[in-house]
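I have placed the structure first, in the form of structure tokens, so that the comments after it can refer back to it.
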Amino acid sequence: MERAEAEAIYDAGREAVVEVLLAMDRRIQQLEARVEKLERQLSRSSRNSSRPPSSDSPGTAPKRGKDSSGRRPGAQPGHEGHGRELLPLAAVDDVIEHWPARCDCGHVFAVGELRGVGEPARHQVEELPVISARVIEHRCQRVCCPGCGRRTRARLPGDTANSAFGPRLQAAVATLSVRNRVSRRDVAELSEEPYEDLVGRLRASESLNMDETGWRLKGSQRALWGMFTDRHAVFAVAPDRHEEHAKRLLAGHEGIVTSDRWWAYAHLSLARRQLCWSHLKRDFQAHAEGLAAEKQFGEHGLQLAEKVFWAWEIFQHTHDRRELKRTVRRLRQQYKPILRGYAGKSPRYKYCRGMARNLQKAWPALWTFAAHPGVQPTNNHAERALRGAVIYRKLSLGSQSEAGERRIERLLSASITCRLQHKSLFAYLTELLNTHARGDPTPLLA
């Protein structure tokens with residue numbers, strides 16, 4: 001505004017000045033709200049949201065470890081070292097003897113002086129053998145029949161005639177497909193029955209962890225859903241992260257589901273839910289970086305989260321569930337009135353009111369872990385299981401067809417399930433191919 005315009009407004013009288021001041025105040029409030037919103041977006045990082053650490057800006061402070069003593073990482077001076085245990089001699093393939101050429105005093109040892117004194121110092125090196133493809137030629141011989149004079153040719157066995165590659169080579173390629181992103185579709189088609197069996201086992205479980213992440217189909221946005229127990233994993237690609245897909249995956253499941261606060265899980269009853277405290281801690285951290293009442297709300301939440309994690313850590317050592325329940329009961333009684341206060345209608349609770357009210361509605365689902373064995377207070381198990389799939393997506397750019405989505409669902413499910421069961425994916429896929437060639441029942445990942 002120019003000075004002449006301001007003087008004209010002043011000369012127009014009291015009402016004109018008041019109207020201009022009110023309009024300016026409304027505009028200032030709009031701009032302040034916009035600036036505050038942008039600042040909150042810029043302050044988001046992996047420390048206070050669900051964003052991955054790879055999305056943090058270079059200036060973001062790294063996460064501090066648990067030890068704040070200032071000591072260097074690793075073993076401290078005076079710590080007794082722990083080396084690799086030596087294998088017994090029966091497990092050693094080759095032994096190479098090394099003899100000293102000379103003494104420290106300068107004496108050069110003659111051949112006759114090389115006699116061992118005491119036990120030798122042993123050092124073992126594990127090495128892979130040179131790997132090469134073993135080519136097997138099958139010859140179907142022809143024999144002339146002495147009765148009719150016709151020539152008869154031998155037939156290839158069923159497990160050999162179907163492919164030019166053996167089961168172990170096919171299993172190796174499939175393993176590379178899911179672990180190292182080398183394409184192979186035959187094994188995935190054989191994995192349909194094991195995949196359906198895994199889905200049935202997840203739906204029959206007493207508790208499971210569930211999460212979702214992004215996926216791509218020819219560059220378009222999709223969603224990869226995952227369900228996990230301690231021994232089994234199931235992945236499914238869907239068009240989006242809507243509630244209907246969660247319902248479809250959980251069809252028939254009557255146990256407890258551990259997840260974050262994403263609205264797609266809101267159809268579950270609170271008695272069947274456990275909200276992830278790791279997600280809650282990051283949300284509280286974001287509020288604690290705010291101002292005034294929002295900052296106080298975040299700090300209260302962080303204190304509560306730390307007490308929950310400490311109670312859980314004690315329980316993991318003592319396995320005293322009665323004491324865990326008593327601790328949780330005290331925390332609920334202490335913090336529920338505090339949460340109720342921040343859910344009020346006062347303008348000072350503008351930025352924390354939403355989360356406070358959401359936690360009030362889901363309050364019972366914060367404490368399910370205390371009463372049910374096998375349920376943990378975090379969804380870290382699902383996030384760890386999804387990590388390999390996220391890396392696969394970033395390197396392969398997702399799928400190029402819907403059939404490719406079905407294949408990656410099955411291969412990822414088999415890969416993570418084998419990892420949870422401490423099995424070799426290569427060995428399992430080899431067995432899968434061998435049983436198919438023989439016509440035997442398909443091996444399942446029980």
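Simple scheme: letters A, B, ... for chains in structure tokens order, numbers from 1 for residues in each chain, numbers from 1 for ligands in the order shown.
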
What's around segment 216-220 of chain A at 8 Å? Count only C-alpha atoms, leave out sequence neighbours fewer than 4 positions away in its own chain, and write the answer as an MDAnalysis selection string.
chainID A and resid 393 397:402

Based on the selection just made, write C-alpha atoms of those residues as a PDB file, in the first residue's frame.
```pdb
ATOM      1  CA  ARG A 393      10.351 -52.171  -5.667  1.00  0.00           C
ATOM      2  CA  LEU A 397      10.308 -50.230 -10.374  1.00  0.00           C
ATOM      3  CA  GLY A 398       7.529 -52.647  -9.422  1.00  0.00           C
ATOM      4  CA  SER A 399       5.678 -54.878 -11.898  1.00  0.00           C
ATOM      5  CA  GLN A 400       4.922 -54.570 -15.585  1.00  0.00           C
ATOM      6  CA  SER A 401       1.752 -56.683 -15.665  1.00  0.00           C
ATOM      7  CA  GLU A 402      -0.934 -58.016 -13.363  1.00  0.00           C
TER       8      GLU A 402
END
```

Quick one: contact table of segment 314-388 of chain A to segment 296-305 of chain A, 12 Å max, nearest atom pair and distance in Å to one decimal per residue, counting only C-alpha atoms, chain and number order, as a Markdown table?
```
| residue | atom | partner | partner_atom | distance |
| --- | --- | --- | --- | --- |
| A:Thr327 | CA | A:Leu304 | CA | 11.6 |
| A:Val328 | CA | A:Leu304 | CA | 10.4 |
| A:Arg330 | CA | A:Leu304 | CA | 11.1 |
| A:Leu331 | CA | A:Leu304 | CA | 7.5 |
| A:Arg332 | CA | A:Leu304 | CA | 9.5 |
| A:Gln333 | CA | A:Leu304 | CA | 11.7 |
| A:Gln334 | CA | A:Leu304 | CA | 9.5 |
| A:Tyr335 | CA | A:Leu304 | CA | 7.6 |
| A:Lys336 | CA | A:Leu304 | CA | 10.6 |
| A:Pro337 | CA | A:His300 | CA | 11.7 |
| A:Ile338 | CA | A:His300 | CA | 8.2 |
| A:Leu339 | CA | A:Phe297 | CA | 8.1 |
| A:Arg340 | CA | A:Phe297 | CA | 10.9 |
| A:Gly341 | CA | A:Phe297 | CA | 9.6 |
| A:Tyr342 | CA | A:Phe297 | CA | 7.0 |
| A:Ala343 | CA | A:Phe297 | CA | 10.1 |
| A:Arg348 | CA | A:Phe297 | CA | 11.2 |
| A:Tyr349 | CA | A:Phe297 | CA | 8.9 |
| A:Lys350 | CA | A:Phe297 | CA | 11.4 |
| A:Tyr351 | CA | A:Phe297 | CA | 9.7 |
| A:Cys352 | CA | A:Phe297 | CA | 6.9 |
| A:Arg353 | CA | A:Phe297 | CA | 9.4 |
| A:Gly354 | CA | A:Phe297 | CA | 11.6 |
| A:Met355 | CA | A:Phe297 | CA | 9.8 |
| A:Ala356 | CA | A:Phe297 | CA | 8.6 |
| A:Leu359 | CA | A:Gly301 | CA | 10.8 |
| A:Leu366 | CA | A:Ala305 | CA | 10.6 |
| A:Trp367 | CA | A:Ala305 | CA | 11.7 |
| A:Pro377 | CA | A:Ala305 | CA | 10.2 |
| A:Thr378 | CA | A:Ala305 | CA | 10.9 |
```

Closest of A:Ala12, A:Met210, A:Ala266, A:Val257 to Glu243 of chain A - atom-to-atom distances counting only C-alpha atoms:
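That would be A:Ala266, the residue with the smallest distance to Glu243 of chain A.
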
Between A:Glu119, A:Glu189, A:Glu113, A:Glu85, which residue has the minimum interatomic distance to Arg410 of chain A, considering only C-alpha atoms?
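Among the listed residues, the smallest separation from Arg410 of chain A belongs to A:Glu189.
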
Between A:Ala382, A:Val17, A:Leu412, A:Ala33, which residue has the minimum interatomic distance to Phe235 of chain A, considering only C-alpha atoms?
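Counting only C-alpha atoms, the residue closest to Phe235 of chain A is A:Leu412.
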
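Closest to Thr368 of chain A among A:Leu198, A:Ala292, A:Leu270, A:Val125 is A:Leu270, based on only C-alpha atoms.
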
Using only C-alpha atoms, which residues sit within 8 Å of Pro443 of chain A once same-chain residues fewer than 6 positions away are excluded, as a list of chain:residue names?
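That gives A:Pro194, A:Glu431, A:Leu432, A:Thr435.
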
In Å and to one decimal, atom CA of Ala293 of chain A is distant from atom CA of Arg357 of chain A by 15.0 Å

Would you kindly return, as a list in words, each protein, DNA or RNA residue with an atom no farther than 10 Å from any atom of Glu192 of chain A, considering only C-alpha atoms and excluding same-chain residues fewer than 2 positions away?
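After dropping sequence-adjacent residues, the list is Val187, Ala188, Glu189, Leu190, Pro194, Tyr195, Glu196, Asp197, Leu198, Arg406, Arg407, Glu409, Arg410, Leu411 and Thr442 of chain A.
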
Write the residues of the selection above to a file with N, CA and C atoms, as a PDB file, in the first residue's frame.
```
ATOM      1  N   VAL A 187       8.601 -71.053 -11.608  1.00  0.00           N
ATOM      2  CA  VAL A 187       8.513 -71.437 -10.198  1.00  0.00           C
ATOM      3  C   VAL A 187       7.354 -70.713  -9.525  1.00  0.00           C
ATOM      4  N   ALA A 188       7.127 -69.456  -9.887  1.00  0.00           N
ATOM      5  CA  ALA A 188       6.033 -68.702  -9.280  1.00  0.00           C
ATOM      6  C   ALA A 188       4.690 -69.362  -9.563  1.00  0.00           C
ATOM      7  N   GLU A 189       4.532 -69.928 -10.762  1.00  0.00           N
ATOM      8  CA  GLU A 189       3.276 -70.586 -11.089  1.00  0.00           C
ATOM      9  C   GLU A 189       3.078 -71.847 -10.249  1.00  0.00           C
ATOM     10  N   LEU A 190       4.180 -72.515  -9.906  1.00  0.00           N
ATOM     11  CA  LEU A 190       4.077 -73.701  -9.053  1.00  0.00           C
ATOM     12  C   LEU A 190       3.807 -73.341  -7.603  1.00  0.00           C
ATOM     13  N   PRO A 194       1.170 -73.452  -2.337  1.00  0.00           N
ATOM     14  CA  PRO A 194       1.784 -73.002  -1.079  1.00  0.00           C
ATOM     15  C   PRO A 194       1.335 -71.611  -0.660  1.00  0.00           C
ATOM     16  N   TYR A 195       1.099 -70.717  -1.632  1.00  0.00           N
ATOM     17  CA  TYR A 195       0.656 -69.356  -1.303  1.00  0.00           C
ATOM     18  C   TYR A 195      -0.729 -69.381  -0.661  1.00  0.00           C
ATOM     19  N   GLU A 196      -1.649 -70.135  -1.252  1.00  0.00           N
ATOM     20  CA  GLU A 196      -2.996 -70.213  -0.683  1.00  0.00           C
ATOM     21  C   GLU A 196      -2.956 -70.849   0.706  1.00  0.00           C
ATOM     22  N   ASP A 197      -2.057 -71.801   0.906  1.00  0.00           N
ATOM     23  CA  ASP A 197      -1.917 -72.418   2.225  1.00  0.00           C
ATOM     24  C   ASP A 197      -1.429 -71.388   3.243  1.00  0.00           C
ATOM     25  N   LEU A 198      -0.490 -70.524   2.834  1.00  0.00           N
ATOM     26  CA  LEU A 198      -0.011 -69.476   3.739  1.00  0.00           C
ATOM     27  C   LEU A 198      -1.135 -68.506   4.108  1.00  0.00           C
ATOM     28  N   ARG A 406       1.043 -61.082  -9.483  1.00  0.00           N
ATOM     29  CA  ARG A 406       0.717 -62.353  -8.832  1.00  0.00           C
ATOM     30  C   ARG A 406       2.002 -63.157  -8.566  1.00  0.00           C
ATOM     31  N   ARG A 407       2.934 -63.115  -9.494  1.00  0.00           N
ATOM     32  CA  ARG A 407       4.184 -63.861  -9.293  1.00  0.00           C
ATOM     33  C   ARG A 407       4.979 -63.300  -8.134  1.00  0.00           C
ATOM     34  N   GLU A 409       3.884 -61.630  -5.583  1.00  0.00           N
ATOM     35  CA  GLU A 409       3.198 -61.955  -4.330  1.00  0.00           C
ATOM     36  C   GLU A 409       3.660 -63.316  -3.803  1.00  0.00           C
ATOM     37  N   ARG A 410       3.677 -64.307  -4.675  1.00  0.00           N
ATOM     38  CA  ARG A 410       4.008 -65.665  -4.255  1.00  0.00           C
ATOM     39  C   ARG A 410       5.478 -65.802  -3.895  1.00  0.00           C
ATOM     40  N   LEU A 411       6.350 -65.218  -4.723  1.00  0.00           N
ATOM     41  CA  LEU A 411       7.783 -65.361  -4.459  1.00  0.00           C
ATOM     42  C   LEU A 411       8.208 -64.606  -3.205  1.00  0.00           C
ATOM     43  N   THR A 442       2.577 -81.218  -3.457  1.00  0.00           N
ATOM     44  CA  THR A 442       3.366 -79.999  -3.372  1.00  0.00           C
ATOM     45  C   THR A 442       3.805 -79.764  -1.924  1.00  0.00           C
TER      46      THR A 442
END
```

So what do you get for atom CA of His372 of chain A versus atom CA of Lys281 of chain A, distance-wise?
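Going from atom CA of His372 of chain A over to atom CA of Lys281 of chain A covers 21.8 Å.
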
Would you mind listing what lies within 12 Å of Asp93 of chain A as a list in words, with only C-alpha atoms counted and same-chain residues fewer than 5 positions away left out?
Leu87, Pro88, Gln124, Val125, Glu126, Glu127, Leu128 and Pro129 of chain A

Considering only C-alpha atoms, state which residue in the set A:Arg282, A:Arg102, A:Arg273, A:Arg322 is at the smallest distance from Trp363 of chain A.
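For Trp363 of chain A, the nearest of the given residues is A:Arg273.
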
List the spatial neighbours of Tyr428 of chain A as a PDB file with N, CA and C atoms, in the first residue's frame - criterion: any atom at most 10 Å away, only C-alpha atoms, same-chain residues fewer than 3 positions off excluded.
```
ATOM      1  N   ALA A 171      15.636 -73.504  -9.492  1.00  0.00           N
ATOM      2  CA  ALA A 171      15.454 -72.939  -8.155  1.00  0.00           C
ATOM      3  C   ALA A 171      16.420 -71.790  -7.922  1.00  0.00           C
ATOM      4  N   THR A 175      15.353 -68.037  -6.992  1.00  0.00           N
ATOM      5  CA  THR A 175      15.886 -67.367  -5.804  1.00  0.00           C
ATOM      6  C   THR A 175      16.476 -66.012  -6.173  1.00  0.00           C
ATOM      7  N   ALA A 414       7.025 -66.635  -0.195  1.00  0.00           N
ATOM      8  CA  ALA A 414       7.892 -67.786   0.058  1.00  0.00           C
ATOM      9  C   ALA A 414       9.241 -67.353   0.618  1.00  0.00           C
ATOM     10  N   SER A 415       9.778 -66.250   0.086  1.00  0.00           N
ATOM     11  CA  SER A 415      11.097 -65.780   0.525  1.00  0.00           C
ATOM     12  C   SER A 415      11.093 -65.368   1.987  1.00  0.00           C
ATOM     13  N   CYS A 418      10.457 -68.377   4.383  1.00  0.00           N
ATOM     14  CA  CYS A 418      11.675 -69.170   4.576  1.00  0.00           C
ATOM     15  C   CYS A 418      12.635 -68.464   5.524  1.00  0.00           C
ATOM     16  N   LYS A 423      14.904 -71.263   6.941  1.00  0.00           N
ATOM     17  CA  LYS A 423      15.064 -72.255   5.890  1.00  0.00           C
ATOM     18  C   LYS A 423      15.752 -71.621   4.681  1.00  0.00           C
ATOM     19  N   SER A 424      16.302 -72.471   3.838  1.00  0.00           N
ATOM     20  CA  SER A 424      16.909 -72.013   2.596  1.00  0.00           C
ATOM     21  C   SER A 424      15.833 -71.897   1.524  1.00  0.00           C
ATOM     22  N   LEU A 425      15.660 -70.695   0.962  1.00  0.00           N
ATOM     23  CA  LEU A 425      14.699 -70.524  -0.123  1.00  0.00           C
ATOM     24  C   LEU A 425      15.105 -71.376  -1.322  1.00  0.00           C
ATOM     25  N   GLU A 431      13.072 -78.377  -3.948  1.00  0.00           N
ATOM     26  CA  GLU A 431      12.129 -79.437  -3.578  1.00  0.00           C
ATOM     27  C   GLU A 431      10.795 -79.253  -4.293  1.00  0.00           C
ATOM     28  N   LEU A 432      10.351 -78.012  -4.427  1.00  0.00           N
ATOM     29  CA  LEU A 432       9.086 -77.730  -5.107  1.00  0.00           C
ATOM     30  C   LEU A 432       9.135 -78.202  -6.556  1.00  0.00           C
ATOM     31  N   LEU A 433      10.228 -77.933  -7.248  1.00  0.00           N
ATOM     32  CA  LEU A 433      10.373 -78.343  -8.645  1.00  0.00           C
ATOM     33  C   LEU A 433      10.503 -79.860  -8.775  1.00  0.00           C
ATOM     34  N   ASN A 434      11.245 -80.477  -7.880  1.00  0.00           N
ATOM     35  CA  ASN A 434      11.429 -81.927  -7.942  1.00  0.00           C
ATOM     36  C   ASN A 434      10.110 -82.667  -7.716  1.00  0.00           C
ATOM     37  N   PRO A 443       5.086 -79.508  -1.663  1.00  0.00           N
ATOM     38  CA  PRO A 443       5.536 -79.223  -0.288  1.00  0.00           C
ATOM     39  C   PRO A 443       5.040 -77.838   0.161  1.00  0.00           C
ATOM     40  N   LEU A 444       4.572 -77.764   1.380  1.00  0.00           N
ATOM     41  CA  LEU A 444       4.030 -76.523   1.931  1.00  0.00           C
ATOM     42  C   LEU A 444       4.974 -75.962   2.988  1.00  0.00           C
ATOM     43  N   LEU A 445       4.873 -74.681   3.226  1.00  0.00           N
ATOM     44  CA  LEU A 445       5.695 -74.019   4.246  1.00  0.00           C
ATOM     45  C   LEU A 445       4.908 -73.984   5.543  1.00  0.00           C
TER      46      LEU A 445
END
```

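In this model, the gap between atom CA of Pro100 of chain A and atom CA of Arg122 of chain A comes to 14.4 Å.
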
Which residue out of A:Ala233, A:Ile408, A:Leu280, A:Leu386 has the minimum interatomic distance to Leu420 of chain A when only C-alpha atoms are used?
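Smallest distance to Leu420 of chain A is found for A:Ala233.
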
Could you name the residues that touch Asp240 of chain A at 12 Å or less, counting only C-alpha atoms, but leaving out those on the same chain fewer than 3 positions away, as a PyMOL selection string?
chain A and resi 212-217+220-225+236-237+243-246+264

Taking C-alpha atoms for each residue, export the selection above as a PDB file, in the first residue's frame.
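That gives us selection-v7.pdb:
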```
ATOM      1  CA  GLU A 212       1.187 -51.762   3.678  1.00  0.00           C
ATOM      2  CA  THR A 213       3.547 -49.847   1.416  1.00  0.00           C
ATOM      3  CA  GLY A 214       3.613 -48.432  -2.081  1.00  0.00           C
ATOM      4  CA  TRP A 215       3.930 -50.503  -5.255  1.00  0.00           C
ATOM      5  CA  ARG A 216       3.954 -49.703  -8.969  1.00  0.00           C
ATOM      6  CA  LEU A 217       2.353 -51.243 -12.020  1.00  0.00           C
ATOM      7  CA  SER A 220       1.110 -46.179 -11.806  1.00  0.00           C
ATOM      8  CA  GLN A 221       0.533 -46.166  -8.055  1.00  0.00           C
ATOM      9  CA  ARG A 222      -0.472 -49.419  -6.366  1.00  0.00           C
ATOM     10  CA  ALA A 223      -0.230 -50.795  -2.813  1.00  0.00           C
ATOM     11  CA  LEU A 224       1.570 -53.844  -1.416  1.00  0.00           C
ATOM     12  CA  TRP A 225      -0.122 -55.319   1.654  1.00  0.00           C
ATOM     13  CA  ALA A 236      -0.746 -59.111  -1.822  1.00  0.00           C
ATOM     14  CA  VAL A 237      -0.761 -56.287  -4.383  1.00  0.00           C
ATOM     15  CA  GLU A 243     -10.408 -50.572   3.788  1.00  0.00           C
ATOM     16  CA  GLU A 244     -11.939 -53.087   1.374  1.00  0.00           C
ATOM     17  CA  HIS A 245      -8.540 -54.672   0.678  1.00  0.00           C
ATOM     18  CA  ALA A 246      -7.797 -55.072   4.378  1.00  0.00           C
ATOM     19  CA  ALA A 264      -8.247 -48.929   6.668  1.00  0.00           C
TER      20      ALA A 264
END
```
